$ cat entry.cif   # mmCIF, C-alpha atoms
data_coords
loop_
_atom_site.label_atom_id
_atom_site.label_comp_id
_atom_site.auth_asym_id
_atom_site.auth_seq_id
_atom_site.Cartn_x
_atom_site.Cartn_y
_atom_site.Cartn_z
CA MET A 1 -74.97 -1.17 18.76
CA ILE A 2 -76.74 -1.31 22.13
CA ALA A 3 -79.84 0.08 20.39
CA ASN A 4 -79.78 -2.78 17.87
CA ILE A 5 -79.35 -5.39 20.61
CA ILE A 6 -82.19 -4.01 22.74
CA ALA A 7 -84.59 -3.48 19.84
CA ASN A 8 -84.09 -7.01 18.55
CA TYR A 9 -84.41 -8.47 22.04
CA LEU A 10 -87.70 -6.58 22.46
CA ILE A 11 -89.12 -7.81 19.17
CA ASN A 12 -88.01 -11.40 19.83
CA LYS A 13 -89.75 -11.27 23.21
CA GLY A 14 -92.92 -9.89 21.66
CA LYS A 15 -92.61 -6.59 23.56
CA ILE A 16 -92.81 -4.48 20.40
CA SER A 17 -94.30 -4.91 16.94
CA LEU A 18 -92.41 -4.72 13.66
CA ASP A 19 -93.88 -1.25 13.07
CA GLN A 20 -92.65 -0.12 16.49
CA TYR A 21 -89.24 -1.61 15.70
CA TYR A 22 -88.89 0.62 12.63
CA GLU A 23 -90.35 3.61 14.49
CA PHE A 24 -87.81 3.06 17.29
CA PHE A 25 -84.84 3.49 14.93
CA GLU A 26 -86.46 6.45 13.20
CA GLU A 27 -86.96 8.21 16.54
CA LEU A 28 -83.52 7.28 17.84
CA SER A 29 -81.84 9.51 15.28
CA LYS A 30 -83.79 12.53 16.60
CA VAL A 31 -83.68 12.06 20.36
CA ARG A 32 -81.31 12.89 23.19
CA ALA A 33 -81.96 11.68 26.72
CA LYS A 34 -83.83 14.22 28.84
CA LEU A 35 -82.24 15.53 32.03
CA GLY A 36 -85.02 14.06 34.18
CA LEU A 37 -84.45 10.55 32.87
CA ILE A 38 -80.69 10.85 33.40
CA ALA A 39 -81.16 12.28 36.91
CA VAL A 40 -83.37 9.32 37.87
CA HIS A 41 -80.85 6.88 36.36
CA GLU A 42 -78.04 8.49 38.36
CA GLY A 43 -80.07 8.38 41.57
CA LEU A 44 -80.13 12.16 41.91
CA MET A 45 -83.91 12.45 41.60
CA THR A 46 -86.90 10.16 42.08
CA GLU A 47 -89.34 9.51 39.25
CA TYR A 48 -91.91 11.53 41.22
CA GLN A 49 -89.57 14.54 41.39
CA ALA A 50 -88.73 14.30 37.67
CA ASP A 51 -92.44 14.04 36.78
CA THR A 52 -93.14 17.06 39.02
CA VAL A 53 -90.59 19.18 37.15
CA ASN A 54 -91.88 17.97 33.78
CA MET A 55 -95.41 19.05 34.73
CA LEU A 56 -94.14 22.45 35.87
CA GLN A 57 -92.36 22.86 32.53
CA ALA A 58 -95.72 22.53 30.79
CA THR A 59 -96.88 25.73 32.48
CA MET A 60 -93.64 27.67 32.93
CA ASP A 61 -91.12 28.88 30.38
CA MET A 62 -88.09 27.44 32.18
CA LYS A 63 -85.54 24.73 31.47
CA PHE A 64 -85.75 21.43 33.35
CA GLY A 65 -82.41 22.03 35.09
CA ASP A 66 -83.34 25.51 36.26
CA LEU A 67 -86.67 24.29 37.65
CA ALA A 68 -85.03 21.33 39.39
CA VAL A 69 -82.54 23.66 41.05
CA GLU A 70 -85.31 26.07 42.06
CA LYS A 71 -87.25 23.19 43.64
CA GLY A 72 -84.12 22.04 45.50
CA PHE A 73 -83.96 18.69 43.67
CA LEU A 74 -80.59 19.36 42.01
CA THR A 75 -77.59 21.65 42.36
CA HIS A 76 -76.13 23.72 39.52
CA ASN A 77 -73.08 21.41 39.40
CA GLN A 78 -75.30 18.32 39.14
CA VAL A 79 -77.21 19.89 36.25
CA GLN A 80 -73.95 20.54 34.37
CA GLU A 81 -72.87 16.94 34.91
CA LEU A 82 -76.22 15.66 33.64
CA LEU A 83 -75.94 17.80 30.52
CA ARG A 84 -72.63 16.11 29.72
CA LYS A 85 -74.35 12.71 29.86
CA GLN A 86 -77.14 13.48 27.39
CA ALA A 87 -75.38 11.65 24.56
CA ASP A 88 -75.20 8.38 26.53
CA PRO A 89 -76.38 5.68 24.03
CA TYR A 90 -78.18 3.51 26.60
CA LEU A 91 -80.06 6.47 28.03
CA SER A 92 -80.99 7.60 24.52
CA VAL A 93 -82.56 4.17 23.95
CA ALA A 94 -84.41 4.52 27.27
CA GLN A 95 -85.69 7.95 26.25
CA VAL A 96 -87.07 6.70 22.93
CA LEU A 97 -88.81 3.74 24.59
CA GLU A 98 -90.35 6.10 27.15
CA ASN A 99 -91.44 8.57 24.44
CA MET A 100 -93.09 5.72 22.54
CA GLY A 101 -94.95 4.60 25.67
CA ILE A 102 -93.32 1.17 25.61
CA MET A 103 -91.49 1.21 28.94
CA ARG A 104 -89.75 3.47 31.43
CA LEU A 105 -86.12 3.36 32.45
CA ASN A 106 -86.71 1.07 35.44
CA ASP A 107 -88.46 -1.42 33.16
CA LEU A 108 -85.56 -1.28 30.71
CA ASP A 109 -83.09 -1.94 33.52
CA LEU A 110 -85.12 -5.00 34.53
CA LEU A 111 -85.19 -6.14 30.91
CA MET A 112 -81.39 -5.89 30.75
CA LYS A 113 -81.11 -8.04 33.88
CA LYS A 114 -83.19 -10.72 32.12
CA TYR A 115 -80.97 -10.39 29.04
CA GLN A 116 -77.92 -10.76 31.29
CA VAL A 117 -79.23 -13.98 32.85
CA GLU A 118 -80.38 -15.51 29.55
CA ASN A 119 -77.03 -14.80 27.89
CA GLU A 120 -74.94 -15.76 30.95
CA MET A 121 -73.21 -12.38 31.05
CA SER A 122 -71.51 -10.65 33.96
CA SER A 123 -72.46 -7.19 35.22
CA SER A 124 -69.25 -5.83 33.67
CA SER A 125 -70.28 -7.31 30.31
CA ILE A 126 -73.62 -5.52 30.50
CA GLU A 127 -71.81 -2.26 31.27
CA ALA A 128 -69.62 -2.89 28.22
CA LEU A 129 -72.78 -3.32 26.11
CA LYS A 130 -74.24 -0.09 27.45
CA SER A 131 -71.02 1.77 26.55
CA ASP A 132 -71.79 1.12 22.86
CA GLU A 133 -68.04 0.75 22.21
CA ILE A 134 -67.49 -1.91 19.53
CA ASP A 135 -63.99 -2.76 20.84
CA ARG A 136 -65.59 -3.73 24.16
CA ILE A 137 -68.71 -5.38 22.75
CA VAL A 138 -67.39 -7.74 20.04
CA PRO A 139 -65.24 -9.84 22.44
CA LEU A 140 -68.37 -10.52 24.52
CA PHE A 141 -69.83 -12.48 21.61
CA LEU A 142 -66.74 -14.59 20.89
CA PRO A 143 -65.73 -17.86 22.59
CA PRO A 144 -63.28 -17.55 25.52
CA GLU A 145 -60.52 -19.24 23.50
CA ALA A 146 -60.81 -16.77 20.60
CA ASP A 147 -58.26 -14.18 21.76
CA GLU A 148 -56.22 -14.24 18.56
CA TYR A 149 -59.39 -13.76 16.49
CA VAL A 150 -60.64 -10.66 18.30
CA ALA A 151 -58.68 -8.06 16.31
CA PHE A 152 -59.92 -9.27 12.91
CA ALA A 153 -63.49 -9.86 14.13
CA THR A 154 -63.68 -6.36 15.61
CA LEU A 155 -62.27 -4.72 12.47
CA ALA A 156 -64.67 -6.71 10.29
CA PHE A 157 -67.65 -5.76 12.44
CA LYS A 158 -66.75 -2.06 12.35
CA THR A 159 -66.34 -2.20 8.56
CA LEU A 160 -69.66 -4.00 8.08
CA MET A 161 -71.43 -1.40 10.24
CA ARG A 162 -69.92 1.38 8.18
CA CYS A 163 -70.23 -0.15 4.71
CA ALA A 164 -73.06 -2.69 4.81
CA ASP A 165 -75.64 -2.14 7.56
CA ASN A 166 -75.55 0.31 10.46
CA ASN A 167 -78.22 -1.75 12.27
CA ILE A 168 -76.07 -4.89 12.40
CA PHE A 169 -75.94 -6.76 15.71
CA PRO A 170 -73.89 -9.79 16.81
CA ILE A 171 -74.86 -13.30 17.85
CA LYS A 172 -72.71 -15.59 19.98
CA GLY A 173 -69.82 -16.99 17.94
CA PHE A 174 -68.48 -20.56 18.03
CA PHE A 175 -65.78 -22.75 16.58
CA ALA A 176 -66.56 -25.43 13.99
CA GLU A 177 -64.68 -27.41 11.37
CA LYS A 178 -67.27 -26.80 8.69
CA LEU A 179 -70.26 -24.62 7.94
CA ASP A 180 -73.18 -25.49 5.68
CA CYS A 181 -74.22 -22.56 3.49
CA GLN A 182 -75.49 -21.89 -0.03
CA ASN A 183 -73.36 -18.97 -1.16
CA GLY A 184 -70.52 -16.75 -0.07
CA ALA A 185 -67.03 -15.40 -0.58
CA LEU A 186 -63.63 -16.39 0.80
CA GLN A 187 -60.27 -14.63 0.82
CA PHE A 188 -56.91 -16.11 1.74
CA VAL A 189 -54.36 -13.80 3.34
CA ASP A 190 -50.84 -15.23 3.39
CA GLY A 191 -48.49 -14.33 6.20
CA ASP A 192 -47.25 -15.54 9.56
CA PRO A 193 -49.75 -16.82 10.44
CA CYS A 194 -51.91 -17.03 7.34
CA LEU A 195 -55.63 -16.39 7.55
CA THR A 196 -58.78 -17.11 5.58
CA ALA A 197 -61.76 -14.80 5.95
CA GLY A 198 -65.22 -15.41 4.61
CA MET A 199 -68.78 -14.13 4.44
CA CYS A 200 -71.43 -16.79 3.84
CA GLY A 201 -75.18 -17.19 4.00
CA ASP A 202 -78.26 -18.98 2.72
CA GLY A 203 -80.68 -17.75 0.09
CA ASN A 204 -80.64 -13.95 -0.09
CA ALA A 205 -79.07 -13.35 3.33
CA LEU A 206 -76.14 -11.48 1.77
CA LEU A 207 -78.34 -9.40 -0.54
CA GLY A 208 -78.62 -6.30 1.67
CA ALA A 209 -74.88 -6.08 2.21
CA ALA A 210 -74.21 -6.62 -1.51
CA CYS A 211 -76.64 -3.87 -2.55
CA LYS A 212 -75.36 -1.40 0.04
CA PHE A 213 -71.66 -1.92 -0.61
CA GLY A 214 -71.99 -2.44 -4.38
CA GLN A 215 -74.36 0.54 -4.67
CA GLU A 216 -76.54 -1.49 -6.99
CA GLU A 217 -79.99 -3.06 -6.64
CA PHE A 218 -79.31 -6.76 -7.17
CA GLU A 219 -82.43 -8.91 -7.46
CA SER A 220 -80.88 -11.93 -5.74
CA VAL A 221 -77.57 -13.25 -4.44
CA ASN A 222 -76.20 -14.16 -7.85
CA MET A 223 -72.58 -14.02 -8.98
CA ASP A 224 -72.78 -10.25 -9.54
CA ALA A 225 -73.99 -9.70 -5.99
CA LEU A 226 -71.30 -12.04 -4.65
CA ASP A 227 -68.70 -10.05 -6.54
CA ALA A 228 -69.73 -7.07 -4.39
CA ILE A 229 -69.48 -9.25 -1.25
CA ALA A 230 -66.00 -10.34 -2.36
CA GLU A 231 -64.97 -6.69 -2.74
CA LEU A 232 -66.33 -5.95 0.74
CA LEU A 233 -64.33 -8.87 2.12
CA ASN A 234 -61.26 -7.63 0.26
CA CYS A 235 -61.77 -4.22 1.90
CA ILE A 236 -61.85 -5.82 5.36
CA CYS A 237 -58.77 -7.94 4.70
CA GLY A 238 -56.96 -4.95 3.20
CA LEU A 239 -57.59 -2.88 6.31
CA TYR A 240 -56.37 -5.76 8.46
CA ALA A 241 -53.16 -6.13 6.43
CA SER A 242 -52.63 -2.37 6.60
CA GLU A 243 -52.93 -2.39 10.39
CA LEU A 244 -50.41 -5.24 10.66
CA SER A 245 -48.01 -3.41 8.37
CA GLN A 246 -47.73 -0.76 11.09
CA LYS A 247 -46.21 -3.53 13.23
CA ARG A 248 -43.84 -4.52 10.38
CA ILE A 249 -45.86 -7.66 9.66
CA THR A 250 -46.33 -8.35 5.95
CA MET A 251 -49.53 -9.99 4.70
CA GLU A 252 -50.28 -10.84 1.07
CA LEU A 253 -53.89 -10.77 -0.09
CA TYR A 254 -54.96 -13.36 -2.64
CA PRO A 255 -57.91 -12.62 -4.96
CA PRO A 256 -61.26 -13.45 -3.28
CA GLN A 257 -63.25 -16.46 -4.43
CA TYR A 258 -67.04 -16.53 -4.53
CA ASP A 259 -69.75 -18.92 -5.64
CA ASP A 260 -73.53 -19.29 -5.45
CA THR A 261 -73.62 -23.09 -5.89
CA ILE A 262 -71.74 -24.29 -2.81
CA GLU A 263 -72.71 -26.75 -0.10
CA GLY A 264 -70.57 -25.13 2.56
CA VAL A 265 -67.08 -24.32 3.76
CA GLY A 266 -64.51 -26.50 5.56
CA GLU A 267 -62.63 -28.50 6.81
CA TYR A 268 -60.46 -26.70 9.42
CA LYS A 269 -61.14 -25.16 12.83
CA THR A 270 -62.91 -21.90 12.03
CA LEU A 271 -64.47 -19.16 14.10
CA ILE A 272 -68.06 -18.72 12.97
CA PHE A 273 -69.27 -15.26 14.01
CA PRO A 274 -72.99 -14.95 13.14
CA MET A 275 -74.62 -11.54 12.90
CA MET A 276 -77.93 -10.10 11.82
CA LEU A 277 -77.87 -7.66 8.91
CA GLY A 278 -81.40 -6.31 8.86
CA ASP A 279 -83.50 -9.45 9.36
CA LYS A 280 -80.99 -11.79 7.68
CA LEU A 281 -78.42 -14.07 9.29
CA VAL A 282 -74.91 -13.67 7.86
CA ASN A 283 -71.86 -15.62 9.00
CA LEU A 284 -68.39 -14.10 9.21
CA LEU A 285 -65.73 -16.82 9.03
CA ILE A 286 -62.17 -16.52 10.35
CA CYS A 287 -59.70 -19.39 10.03
CA ILE A 288 -56.17 -18.75 11.30
CA GLY A 289 -53.32 -20.92 10.02
CA GLU A 290 -55.19 -22.68 7.20
CA LYS A 291 -56.67 -22.01 3.78
CA LEU A 292 -60.41 -22.63 3.71
CA GLU A 293 -62.09 -23.95 0.58
CA PHE A 294 -65.68 -24.18 -0.58
CA ARG A 295 -67.37 -27.60 -0.35
CA TYR A 296 -69.53 -28.86 -3.20
CA SER A 297 -72.11 -31.63 -3.35
#
$ encode --input "entry.cif" --output "structure tokens"
Amino acid sequence: MIANIIANYLINKGKISLDQYYEFFEELSKVRAKLGLIAVHEGLMTEYQADTVNMLQATMDMKFGDLAVEKGFLTHNQVQELLRKQADPYLSVAQVLENMGIMRLNDLDLLMKKYQVENEMSSSSIEALKSDEIDRIVPLFLPPEADEYVAFATLAFKTLMRCADNNIFPIKGFFAEKLDCQNGALQFVDGDPCLTAGMCGDGNALLGAACKFGQEEFESVNMDALDAIAELLNCICGLYASELSQKRITMELYPPQYDDTIEGVGEYKTLIFPMMLGDKLVNLLICIGEKLEFRYS
């Protein structure tokens, strides 16, 4: 997810073009961070030393680590430790940006400091982002008073990444008593406490998720597409109920409702958790203790 957050931040700041955005994700699937980049990040080598070894590699049939050891820049033990860090998601992002000639690691670190300030995040929150662990990242985008919503929101986000859009990324959530939207699906889950979950959007915002999960090319967010969204929501709620059953908590799922002619959803305190699926804004709704209903004009 850190790749999605950084790429979208870059495009919103005008640092990359739309073509570079797509190229970034294409390259990301092929790249692992190079030892030189990791060594600089870890403070074991300077950029000058890493560049020196890279230039030597162009003329000598030797691995980066072996050359760095020969030059006295690294020890054998340090090389082994660097090899173990090659799968680091943040460093993989840095490697792709460097390969594309967009920025080097130091520039990316500075960019993340700007992101931290703009989003009022702590240093520990930024480290959580860099870890790419969803369980650590989702709570960062929820309001401080949303503790009892975290488990469902995290499960929903993981399911959406797996079943709807792997390039999903979160936006800061908030509480509201109603949400204006044009279409969506709701599902009531009875239990102690009860819960209503929803996925809502405007226009064709839900189209990508509907096509991916429904495995069908819908032309618009009509009732057929919303049926697929309702099944996706049912999948999320089913997983949630299954997890609670392990704690001997029984939840009963009611059939999902969906409509493409609504004005919005309300009228109880609801966590609105916005997220970008592709280039579309989709809202995940979680209301604990009440049954949400659609609003009509």
$ residues_around --input "entry.cif" --residues "A:Gly101" --least-positions-apart "4" --cutoff "12 Å" --atoms "only C-alpha atoms" --output "list of chain:residue names"
A:Lys15, A:Ile16, A:Gln20, A:Phe24, A:Ala94, A:Gln95, A:Val96, A:Leu97, A:Leu105, A:Asp107
$ write_last_selection --input "entry.cif" --atoms "C-alpha atoms" --output "CSV table (one decimal), in the frame of the given file"
chain,number,residue,atom,x,y,z
A,15,LYS,CA,-92.6,-6.6,23.6
A,16,ILE,CA,-92.8,-4.5,20.4
A,20,GLN,CA,-92.6,-0.1,16.5
A,24,PHE,CA,-87.8,3.1,17.3
A,94,ALA,CA,-84.4,4.5,27.3
A,95,GLN,CA,-85.7,8.0,26.2
A,96,VAL,CA,-87.1,6.7,22.9
A,97,LEU,CA,-88.8,3.7,24.6
A,105,LEU,CA,-86.1,3.4,32.4
A,107,ASP,CA,-88.5,-1.4,33.2
$ atom_distance --input "entry.cif" --atom1 "atom CA of A:Val221" --atom2 "atom CA of A:Tyr258"
11.0 Å
$ residues_around --input "entry.cif" --residues "A:Glu263" --least-positions-apart "2" --cutoff "6 Å" --atoms "only C-alpha atoms" --output "ChimeraX atom specification"
/A:180-182,295-297
$ resolve_selection --input "entry.cif" --expression "the PyMOL selection byres ((chain A and resi 142) around 9)" --output "short mmCIF file (atom, residue, chain, number, x, y, z; two decimals) with C-alpha atoms, keeping the file's coordinate frame"
data_model
loop_
_atom_site.label_atom_id
_atom_site.label_comp_id
_atom_site.auth_asym_id
_atom_site.auth_seq_id
_atom_site.Cartn_x
_atom_site.Cartn_y
_atom_site.Cartn_z
CA VAL A 138 -67.39 -7.74 20.04
CA PRO A 139 -65.24 -9.84 22.44
CA LEU A 140 -68.37 -10.52 24.52
CA PHE A 141 -69.83 -12.48 21.61
CA PRO A 143 -65.73 -17.86 22.59
CA PRO A 144 -63.28 -17.55 25.52
CA GLU A 145 -60.52 -19.24 23.50
CA ALA A 146 -60.81 -16.77 20.60
CA ASP A 147 -58.26 -14.18 21.76
CA TYR A 149 -59.39 -13.76 16.49
CA VAL A 150 -60.64 -10.66 18.30
CA ALA A 153 -63.49 -9.86 14.13
CA ILE A 171 -74.86 -13.30 17.85
CA LYS A 172 -72.71 -15.59 19.98
CA GLY A 173 -69.82 -16.99 17.94
CA PHE A 174 -68.48 -20.56 18.03
CA LEU A 271 -64.47 -19.16 14.10
CA PHE A 273 -69.27 -15.26 14.01
#
$ residues_around --input "entry.cif" --residues "A:Met45" --least-positions-apart "2" --cutoff "12 Å" --atoms "only C-alpha atoms" --output "PyMOL selection string"
chain A and resi 35-43+47-53+65+68-69+71-75+78-79+82
$ closest_residue --input "entry.cif" --among "A:Tyr90, A:Gly238, A:Met199, A:Met103" --to "A:Ile126" --atoms "all atoms listed in the file"
A:Tyr90
$ resolve_selection --input "entry.cif" --expression "the PyMOL selection byres ((chain A and resi 284-288) around 6)" --output "VMD selection string"
chain A and resid 195 to 199 270 to 273 283 289 to 290
$ closest_residue --input "entry.cif" --among "A:Tyr115, A:Phe175, A:Phe152, A:Phe294" --to "A:Leu239" --atoms "all atoms listed in the file"
A:Phe152
$ atom_distance --input "entry.cif" --atom1 "atom CA of A:Ile236" --atom2 "atom CA of A:Cys200"
14.6 Å
$ closest_residue --input "entry.cif" --among "A:Gly191, A:Met276, A:Ile134, A:Asn4" --to "A:Leu253" --atoms "only C-alpha atoms"
A:Gly191
$ residues_around --input "entry.cif" --residues "A:Lys130" --least-positions-apart "4" --cutoff "12 Å" --atoms "all atoms listed in the file" --output "compact mmCIF listing (two decimals) with C-alpha atoms, in the coordinates of the input"
# COMPACT_ATOMS: atom_id res chain seq x y z
CA MET A 1 -74.97 -1.17 18.76
CA ILE A 2 -76.74 -1.31 22.13
CA ALA A 3 -79.84 0.08 20.39
CA ASN A 4 -79.78 -2.78 17.87
CA ILE A 5 -79.35 -5.39 20.61
CA ILE A 6 -82.19 -4.01 22.74
CA ASP A 88 -75.20 8.38 26.53
CA PRO A 89 -76.38 5.68 24.03
CA TYR A 90 -78.18 3.51 26.60
CA LEU A 91 -80.06 6.47 28.03
CA SER A 92 -80.99 7.60 24.52
CA VAL A 93 -82.56 4.17 23.95
CA ALA A 94 -84.41 4.52 27.27
CA LEU A 108 -85.56 -1.28 30.71
CA ASP A 109 -83.09 -1.94 33.52
CA MET A 112 -81.39 -5.89 30.75
CA GLN A 116 -77.92 -10.76 31.29
CA SER A 123 -72.46 -7.19 35.22
CA SER A 124 -69.25 -5.83 33.67
CA SER A 125 -70.28 -7.31 30.31
CA ILE A 126 -73.62 -5.52 30.50
CA ILE A 134 -67.49 -1.91 19.53
CA ARG A 136 -65.59 -3.73 24.16
CA ILE A 137 -68.71 -5.38 22.75
$ closest_residue --input "entry.cif" --among "A:Ala164, A:Leu155, A:Leu226, A:Ala210" --to "A:Ala241" --atoms "all atoms listed in the file"
A:Leu155
$ residues_around --input "entry.cif" --residues "stretch 17-19 of chain A" --least-positions-apart "5" --cutoff "12 Å" --atoms "all atoms listed in the file" --output "number ranges by chain"
A: 7-12, 24-26, 100, 102, 279
$ write_last_selection --input "entry.cif" --atoms "C-alpha atoms" --output "tab-separated table (two decimals), in the frame of the given file"
chain	number	residue	atom	x	y	z
A	7	ALA	CA	-84.59	-3.48	19.84
A	8	ASN	CA	-84.09	-7.01	18.55
A	9	TYR	CA	-84.41	-8.47	22.04
A	10	LEU	CA	-87.70	-6.58	22.46
A	11	ILE	CA	-89.12	-7.81	19.17
A	12	ASN	CA	-88.01	-11.40	19.83
A	24	PHE	CA	-87.81	3.06	17.29
A	25	PHE	CA	-84.84	3.49	14.93
A	26	GLU	CA	-86.46	6.45	13.20
A	100	MET	CA	-93.09	5.72	22.54
A	102	ILE	CA	-93.32	1.17	25.61
A	279	ASP	CA	-83.50	-9.45	9.36
$ axis_aligned_box --input "entry.cif" --around "stretch 246-264 of chain A" --padding-each-side "4 Å" --output "lines of an AutoDock Vina configuration file"
center_x = -58.7
center_y = -13.8
center_z = 3.7
size_x = 37.8
size_y = 34.0
size_z = 27.1
$ closest_residue --input "entry.cif" --among "A:Leu179, A:Asp190, A:Cys237, A:Val282" --to "A:Asn204" --atoms "all atoms listed in the file"
A:Val282
$ closest_residue --input "entry.cif" --among "A:Cys235, A:Arg104, A:Asn99, A:Gly203" --to "A:Leu160" --atoms "only C-alpha atoms"
A:Cys235
$ atom_distance --input "entry.cif" --atom1 "atom CA of A:Glu23" --atom2 "atom CA of A:Met275"
21.9 Å
$ decode --input "entry.cif" --residues "stretch 249-272 of chain A" --atoms "N, CA and C atoms" --output "PDB file, in the first residue's frame"
ATOM      1  N   ILE A 249     -19.018 -15.225  19.535  1.00  0.00           N
ATOM      2  CA  ILE A 249     -19.971 -14.131  19.324  1.00  0.00           C
ATOM      3  C   ILE A 249     -20.763 -14.438  18.055  1.00  0.00           C
ATOM      4  N   THR A 250     -22.073 -14.488  18.170  1.00  0.00           N
ATOM      5  CA  THR A 250     -22.918 -14.845  17.029  1.00  0.00           C
ATOM      6  C   THR A 250     -23.455 -13.597  16.346  1.00  0.00           C
ATOM      7  N   MET A 251     -23.270 -13.521  15.035  1.00  0.00           N
ATOM      8  CA  MET A 251     -23.788 -12.421  14.224  1.00  0.00           C
ATOM      9  C   MET A 251     -24.655 -13.004  13.119  1.00  0.00           C
ATOM     10  N   GLU A 252     -25.784 -12.366  12.852  1.00  0.00           N
ATOM     11  CA  GLU A 252     -26.689 -12.829  11.794  1.00  0.00           C
ATOM     12  C   GLU A 252     -26.703 -11.824  10.653  1.00  0.00           C
ATOM     13  N   LEU A 253     -26.356 -12.303   9.462  1.00  0.00           N
ATOM     14  CA  LEU A 253     -26.316 -11.436   8.288  1.00  0.00           C
ATOM     15  C   LEU A 253     -27.681 -11.367   7.632  1.00  0.00           C
ATOM     16  N   TYR A 254     -28.168 -10.154   7.415  1.00  0.00           N
ATOM     17  CA  TYR A 254     -29.392  -9.943   6.665  1.00  0.00           C
ATOM     18  C   TYR A 254     -29.037  -9.763   5.188  1.00  0.00           C
ATOM     19  N   PRO A 255     -29.969 -10.035   4.282  1.00  0.00           N
ATOM     20  CA  PRO A 255     -29.661  -9.859   2.850  1.00  0.00           C
ATOM     21  C   PRO A 255     -29.284  -8.415   2.543  1.00  0.00           C
ATOM     22  N   PRO A 256     -28.260  -8.180   1.729  1.00  0.00           N
ATOM     23  CA  PRO A 256     -27.866  -6.803   1.380  1.00  0.00           C
ATOM     24  C   PRO A 256     -28.966  -6.100   0.596  1.00  0.00           C
ATOM     25  N   GLN A 257     -29.010  -4.782   0.731  1.00  0.00           N
ATOM     26  CA  GLN A 257     -29.891  -3.946  -0.075  1.00  0.00           C
ATOM     27  C   GLN A 257     -29.026  -3.094  -0.995  1.00  0.00           C
ATOM     28  N   TYR A 258     -29.532  -2.791  -2.170  1.00  0.00           N
ATOM     29  CA  TYR A 258     -28.773  -1.932  -3.082  1.00  0.00           C
ATOM     30  C   TYR A 258     -29.722  -1.177  -3.987  1.00  0.00           C
ATOM     31  N   ASP A 259     -29.284   0.013  -4.416  1.00  0.00           N
ATOM     32  CA  ASP A 259     -30.154   0.854  -5.238  1.00  0.00           C
ATOM     33  C   ASP A 259     -29.295   1.863  -5.995  1.00  0.00           C
ATOM     34  N   ASP A 260     -29.739   2.211  -7.199  1.00  0.00           N
ATOM     35  CA  ASP A 260     -29.021   3.202  -8.003  1.00  0.00           C
ATOM     36  C   ASP A 260     -29.805   4.500  -8.140  1.00  0.00           C
ATOM     37  N   THR A 261     -30.816   4.708  -7.283  1.00  0.00           N
ATOM     38  CA  THR A 261     -31.633   5.923  -7.360  1.00  0.00           C
ATOM     39  C   THR A 261     -31.701   6.640  -6.015  1.00  0.00           C
ATOM     40  N   ILE A 262     -30.692   6.498  -5.179  1.00  0.00           N
ATOM     41  CA  ILE A 262     -30.749   7.059  -3.838  1.00  0.00           C
ATOM     42  C   ILE A 262     -30.220   8.487  -3.800  1.00  0.00           C
ATOM     43  N   GLU A 263     -30.513   9.145  -2.689  1.00  0.00           N
ATOM     44  CA  GLU A 263     -29.981  10.492  -2.440  1.00  0.00           C
ATOM     45  C   GLU A 263     -28.830  10.437  -1.443  1.00  0.00           C
ATOM     46  N   GLY A 264     -28.822   9.357  -0.651  1.00  0.00           N
ATOM     47  CA  GLY A 264     -27.768   9.210   0.331  1.00  0.00           C
ATOM     48  C   GLY A 264     -28.103   8.151   1.359  1.00  0.00           C
ATOM     49  N   VAL A 265     -27.356   8.195   2.459  1.00  0.00           N
ATOM     50  CA  VAL A 265     -27.528   7.232   3.546  1.00  0.00           C
ATOM     51  C   VAL A 265     -27.550   8.009   4.862  1.00  0.00           C
ATOM     52  N   GLY A 266     -28.349   7.578   5.809  1.00  0.00           N
ATOM     53  CA  GLY A 266     -28.400   8.221   7.134  1.00  0.00           C
ATOM     54  C   GLY A 266     -29.398   7.500   8.010  1.00  0.00           C
ATOM     55  N   GLU A 267     -29.603   7.979   9.169  1.00  0.00           N
ATOM     56  CA  GLU A 267     -29.327   9.225   9.828  1.00  0.00           C
ATOM     57  C   GLU A 267     -28.640   8.994  11.179  1.00  0.00           C
ATOM     58  N   TYR A 268     -27.728   8.066  11.292  1.00  0.00           N
ATOM     59  CA  TYR A 268     -27.050   7.773  12.547  1.00  0.00           C
ATOM     60  C   TYR A 268     -25.548   8.006  12.403  1.00  0.00           C
ATOM     61  N   LYS A 269     -24.873   8.139  13.559  1.00  0.00           N
ATOM     62  CA  LYS A 269     -23.429   8.327  13.559  1.00  0.00           C
ATOM     63  C   LYS A 269     -22.766   7.169  12.818  1.00  0.00           C
ATOM     64  N   THR A 270     -22.034   7.503  11.780  1.00  0.00           N
ATOM     65  CA  THR A 270     -21.440   6.500  10.893  1.00  0.00           C
ATOM     66  C   THR A 270     -19.995   6.868  10.588  1.00  0.00           C
ATOM     67  N   LEU A 271     -19.132   5.870  10.601  1.00  0.00           N
ATOM     68  CA  LEU A 271     -17.763   6.092  10.151  1.00  0.00           C
ATOM     69  C   LEU A 271     -17.744   6.049   8.631  1.00  0.00           C
ATOM     70  N   ILE A 272     -17.315   7.138   8.029  1.00  0.00           N
ATOM     71  CA  ILE A 272     -17.141   7.207   6.578  1.00  0.00           C
ATOM     72  C   ILE A 272     -15.650   7.036   6.312  1.00  0.00           C
TER      73      ILE A 272
END
